[in-house]
Structures are given as C-alpha cells and as structure tokens.
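Step one of this worksheet: look at the structure below.
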Amino acid sequence: MSNSPERRQRWERRDLLPGPSVLQWSSWALWGGCAAVVGGAGAIICGLTVVARTQTLDPVTLAFMMTFLVGCIVLFFCVRMMERKEKQELAAGYTTSKQGHYEMERRHSPTGIIVRKAGQPALTRDQEAAANALVRDFLSSRAQGR
C-alpha cells in the first residue's frame, strides 16, 4: 500500500544544485564540532593530569590536541561552505535547511522531493514523519525500478 499510485502521485521532485547541500554541510560541521569538543576536553584533562605531573608531552595528549585542531578546521570549513551553499540555494529558490527561510520551498536532500511548499510554516513532528515516509517510498520505488 505504501507504493500505491495515489501515494506516488504526491511526489513532487525538482533538481538540486550539484554538490553537498546545506543540510549535508551542517551535519559534517556537527561532526567536526564534536571532534573539537572531545579533543579539547581530552587535551585539557590529559594536560592537567599527565603533563602537570611529568612535565612532558605524552602521545595521548598530543593526539587529543590534534583531534581538537582537526575538528576546529573541519568545523570552520564546513560552516563557511554551508553559508556559501545556503546563498546558492536561496538564489535558486529553495532550501534544504530544516529551520528558517519559510518563504522558500524546502527540498529533501539529496532526492529533491519537495517536503514543504514556499510560504508554509515549519513542519510539525507528524508532518516531518510523513515527509520522511514519502522519501522512503520514493527511494524504495526507485530501487525497484518503478
């Protein structure tokens, strides 16, 4: 029933700009931020315990410091790319971001299915679940060659 013709007719799909979307860049930025927090916390803890006692930089502390540095670089880069992509998406008349820009239609990344029309308020939890079900149906029908 989930792949019934009535349900498939509700799919409205449009092309997306090439490359990662705002939503993808933001999720990568989140991972970079998490790495920076873990690396920073680990470096501080190791610095206060191991380095303070031995007065030498051990490999574990160095690894945490490098994790912090790499996480910060990834976070900074992804946020810059996210801002850049957001401007491109808005210029193209849509967004993939879940928050804000309600004057633009929101498309699912990476399928391009329209999950919210322009001018509509943010999706409720139930509406978001229904949109995700549409995307799953679309992907399963595409995998089955329908």
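Please note that chains go A, B, ... in the order of the structure tokens, that every chain numbers its residues from 1, and that ligands are numbered from 1 in the order shown.
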Practice problem: Using backbone DSSP assignments, extract all helix (DSSP H, G or I) residues from stretch 19-120 of chain A; output them as number ranges by chain. | Solution: A: 22-54, 59-92
Exercise. Just the residues within 9 Å of A:Gln24, please, counting only C-alpha atoms, with nothing from its chain fewer than 4 positions along; format it as number ranges by chain.
Key: A: 20, 28-29, 82, 96, 109-110
Exercise. Rank nothing, just name the residue among A:Ile113, A:Val74, A:Ile45, A:Ala63 nearest to A:Gly32, using only C-alpha atoms.
Key: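 The answer is A:Val74, which sits nearest to A:Gly32.
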Practice problem: Please identify all polymer residues within 12 Å of A:Ala92, counting only C-alpha atoms, omitting same-chain residues fewer than 2 positions from it, and present them as a list in words. | Solution: Arg14, Asp15, Leu16, Leu17, Pro18, Lys85, Glu86, Lys87, Gln88, Glu89, Leu90, Tyr94, Thr95, Thr96, Met104, Glu105, Arg106 and Arg107 of chain A
Residue subset to file, keeping all heavy atoms, as a compact mmCIF listing (two decimals), in the first residue's frame:
# COMPACT_ATOMS: atom_id res chain seq x y z
N ARG A 14 12.16 18.04 -7.67
CA ARG A 14 12.87 19.00 -8.50
C ARG A 14 14.37 18.78 -8.32
O ARG A 14 14.81 18.26 -7.30
CB ARG A 14 12.50 20.42 -8.12
CG ARG A 14 11.01 20.69 -8.29
CD ARG A 14 10.74 22.11 -8.69
NE ARG A 14 9.33 22.27 -9.01
CZ ARG A 14 8.43 22.72 -8.16
NH1 ARG A 14 8.77 23.05 -6.94
NH2 ARG A 14 7.18 22.84 -8.53
N ASP A 15 15.12 19.21 -9.29
CA ASP A 15 16.57 19.04 -9.23
C ASP A 15 17.18 19.96 -8.16
O ASP A 15 16.67 21.04 -7.89
CB ASP A 15 17.22 19.35 -10.58
CG ASP A 15 16.92 18.28 -11.61
OD1 ASP A 15 16.66 17.13 -11.20
OD2 ASP A 15 16.93 18.60 -12.81
N LEU A 16 18.27 19.49 -7.59
CA LEU A 16 19.04 20.27 -6.64
C LEU A 16 20.31 20.76 -7.31
O LEU A 16 20.74 20.22 -8.33
CB LEU A 16 19.42 19.41 -5.42
CG LEU A 16 18.27 18.85 -4.59
CD1 LEU A 16 18.82 17.89 -3.54
CD2 LEU A 16 17.49 19.96 -3.93
N LEU A 17 20.92 21.76 -6.71
CA LEU A 17 22.22 22.22 -7.20
C LEU A 17 23.24 21.11 -7.00
O LEU A 17 23.13 20.31 -6.06
CB LEU A 17 22.65 23.47 -6.44
CG LEU A 17 21.79 24.72 -6.65
CD1 LEU A 17 22.22 25.81 -5.68
CD2 LEU A 17 21.90 25.20 -8.08
N PRO A 18 24.25 21.03 -7.84
CA PRO A 18 25.26 19.99 -7.66
C PRO A 18 26.07 20.21 -6.38
O PRO A 18 26.20 21.33 -5.91
CB PRO A 18 26.14 20.13 -8.91
CG PRO A 18 25.89 21.49 -9.44
CD PRO A 18 24.51 21.87 -9.01
N LYS A 85 26.74 27.65 0.35
CA LYS A 85 25.71 26.85 -0.30
C LYS A 85 24.32 27.39 -0.01
O LYS A 85 23.43 27.35 -0.87
CB LYS A 85 25.84 25.38 0.15
CG LYS A 85 24.97 24.44 -0.62
CD LYS A 85 25.38 24.38 -2.08
CE LYS A 85 24.67 23.26 -2.79
NZ LYS A 85 25.38 22.78 -3.94
N GLU A 86 24.12 27.91 1.20
CA GLU A 86 22.83 28.48 1.55
C GLU A 86 22.48 29.64 0.62
O GLU A 86 21.35 29.75 0.13
CB GLU A 86 22.81 28.94 3.00
CG GLU A 86 21.49 29.50 3.45
CD GLU A 86 21.49 29.89 4.91
OE1 GLU A 86 22.52 30.39 5.40
OE2 GLU A 86 20.45 29.71 5.55
N LYS A 87 23.45 30.50 0.35
CA LYS A 87 23.22 31.62 -0.58
C LYS A 87 22.88 31.10 -1.98
O LYS A 87 21.99 31.63 -2.64
CB LYS A 87 24.45 32.52 -0.64
CG LYS A 87 24.66 33.33 0.61
CD LYS A 87 25.92 34.16 0.52
CE LYS A 87 26.19 34.87 1.82
NZ LYS A 87 27.46 35.57 1.83
N GLN A 88 23.56 30.05 -2.42
CA GLN A 88 23.29 29.49 -3.74
C GLN A 88 21.89 28.87 -3.80
O GLN A 88 21.18 29.05 -4.78
CB GLN A 88 24.34 28.43 -4.09
CG GLN A 88 25.72 28.98 -4.29
CD GLN A 88 26.77 27.87 -4.46
OE1 GLN A 88 26.49 26.69 -4.26
NE2 GLN A 88 27.98 28.27 -4.81
N GLU A 89 21.52 28.14 -2.76
CA GLU A 89 20.19 27.52 -2.73
C GLU A 89 19.09 28.58 -2.72
O GLU A 89 18.10 28.46 -3.44
CB GLU A 89 20.05 26.60 -1.51
CG GLU A 89 20.79 25.30 -1.64
CD GLU A 89 20.57 24.38 -0.44
OE1 GLU A 89 19.86 24.77 0.51
OE2 GLU A 89 21.11 23.26 -0.47
N LEU A 90 19.26 29.61 -1.91
CA LEU A 90 18.25 30.66 -1.84
C LEU A 90 18.13 31.38 -3.18
O LEU A 90 17.03 31.74 -3.61
CB LEU A 90 18.57 31.64 -0.71
CG LEU A 90 18.47 31.05 0.70
CD1 LEU A 90 18.90 32.08 1.73
CD2 LEU A 90 17.07 30.55 0.99
N TYR A 94 15.08 27.72 -3.36
CA TYR A 94 14.72 26.65 -2.42
C TYR A 94 15.73 26.60 -1.28
O TYR A 94 16.73 27.30 -1.29
CB TYR A 94 14.65 25.29 -3.12
CG TYR A 94 15.99 24.70 -3.49
CD1 TYR A 94 16.63 23.81 -2.62
CD2 TYR A 94 16.61 25.01 -4.69
CE1 TYR A 94 17.85 23.26 -2.96
CE2 TYR A 94 17.83 24.46 -5.03
CZ TYR A 94 18.45 23.59 -4.15
OH TYR A 94 19.67 23.05 -4.48
N THR A 95 15.44 25.76 -0.29
CA THR A 95 16.37 25.49 0.79
C THR A 95 16.29 24.01 1.16
O THR A 95 15.27 23.36 0.92
CB THR A 95 16.06 26.36 2.03
OG1 THR A 95 17.05 26.14 3.03
CG2 THR A 95 14.70 26.05 2.62
N THR A 96 17.37 23.49 1.71
CA THR A 96 17.35 22.14 2.26
C THR A 96 17.44 22.18 3.79
O THR A 96 17.40 21.15 4.43
CB THR A 96 18.52 21.29 1.71
OG1 THR A 96 19.75 21.96 1.97
CG2 THR A 96 18.36 21.05 0.22
N MET A 104 10.73 30.12 1.15
CA MET A 104 11.23 29.25 0.09
C MET A 104 10.70 27.83 0.30
O MET A 104 10.44 27.42 1.42
CB MET A 104 12.76 29.19 0.10
CG MET A 104 13.44 30.51 -0.05
SD MET A 104 13.29 31.03 -1.73
CE MET A 104 14.21 32.54 -1.69
N GLU A 105 10.60 27.08 -0.79
CA GLU A 105 10.22 25.68 -0.63
C GLU A 105 11.41 24.91 -0.08
O GLU A 105 12.56 25.23 -0.36
CB GLU A 105 9.73 25.08 -1.94
CG GLU A 105 10.78 24.85 -2.99
CD GLU A 105 10.20 24.31 -4.29
OE1 GLU A 105 9.00 24.45 -4.55
OE2 GLU A 105 10.99 23.75 -5.04
N ARG A 106 11.09 23.91 0.74
CA ARG A 106 12.14 23.07 1.30
C ARG A 106 12.17 21.75 0.56
O ARG A 106 11.14 21.08 0.43
CB ARG A 106 11.88 22.81 2.78
CG ARG A 106 12.95 21.96 3.41
CD ARG A 106 12.71 21.74 4.87
NE ARG A 106 13.20 20.42 5.20
CZ ARG A 106 12.69 19.65 6.12
NH1 ARG A 106 11.68 20.04 6.84
NH2 ARG A 106 13.19 18.46 6.34
N ARG A 107 13.33 21.40 0.07
CA ARG A 107 13.50 20.15 -0.66
C ARG A 107 14.34 19.20 0.18
O ARG A 107 15.24 19.60 0.90
CB ARG A 107 14.20 20.39 -2.00
CG ARG A 107 13.40 21.28 -2.91
CD ARG A 107 14.09 21.50 -4.22
NE ARG A 107 13.44 22.56 -4.98
CZ ARG A 107 13.93 23.09 -6.07
NH1 ARG A 107 15.09 22.66 -6.55
NH2 ARG A 107 13.29 24.06 -6.69
Self-check item: Which of chain A fall in strand (DSSP E), as JSON, numbers by chain
Solution: {"A": [94, 95, 105, 106, 107, 114, 115, 116]}
Exercise. Please provide as a ChimeraX atom specification all residues within 9 Å of A:Gly33, with the sequence filter that same-chain residues fewer than 2 positions apart are discarded (counting only C-alpha atoms).
Key: /A:28-31,35-38,68,71-72,74-76
Quiz item: How far is it from atom CA of A:Ile73 to atom CA of A:Ala41, in Å with one decimal?
Solution: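 Atom CA of A:Ala41 lies 16.5 Å from atom CA of A:Ile73.
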Quiz prompt | Neighbour list for A:Ala43 as an MDAnalysis selection string, cut-off 12 Å, only C-alpha atoms, skip fewer than 3 positions in-chain | solution = chainID A and resid 35:40 46:52 57:69
Exercise. Show which residues sit within 9 Å of A:Lys98, as a ChimeraX atom specification. Count only C-alpha atoms, and ignore same-chain residues fewer than 6 positions away.
Key: /A:23,106,122-123
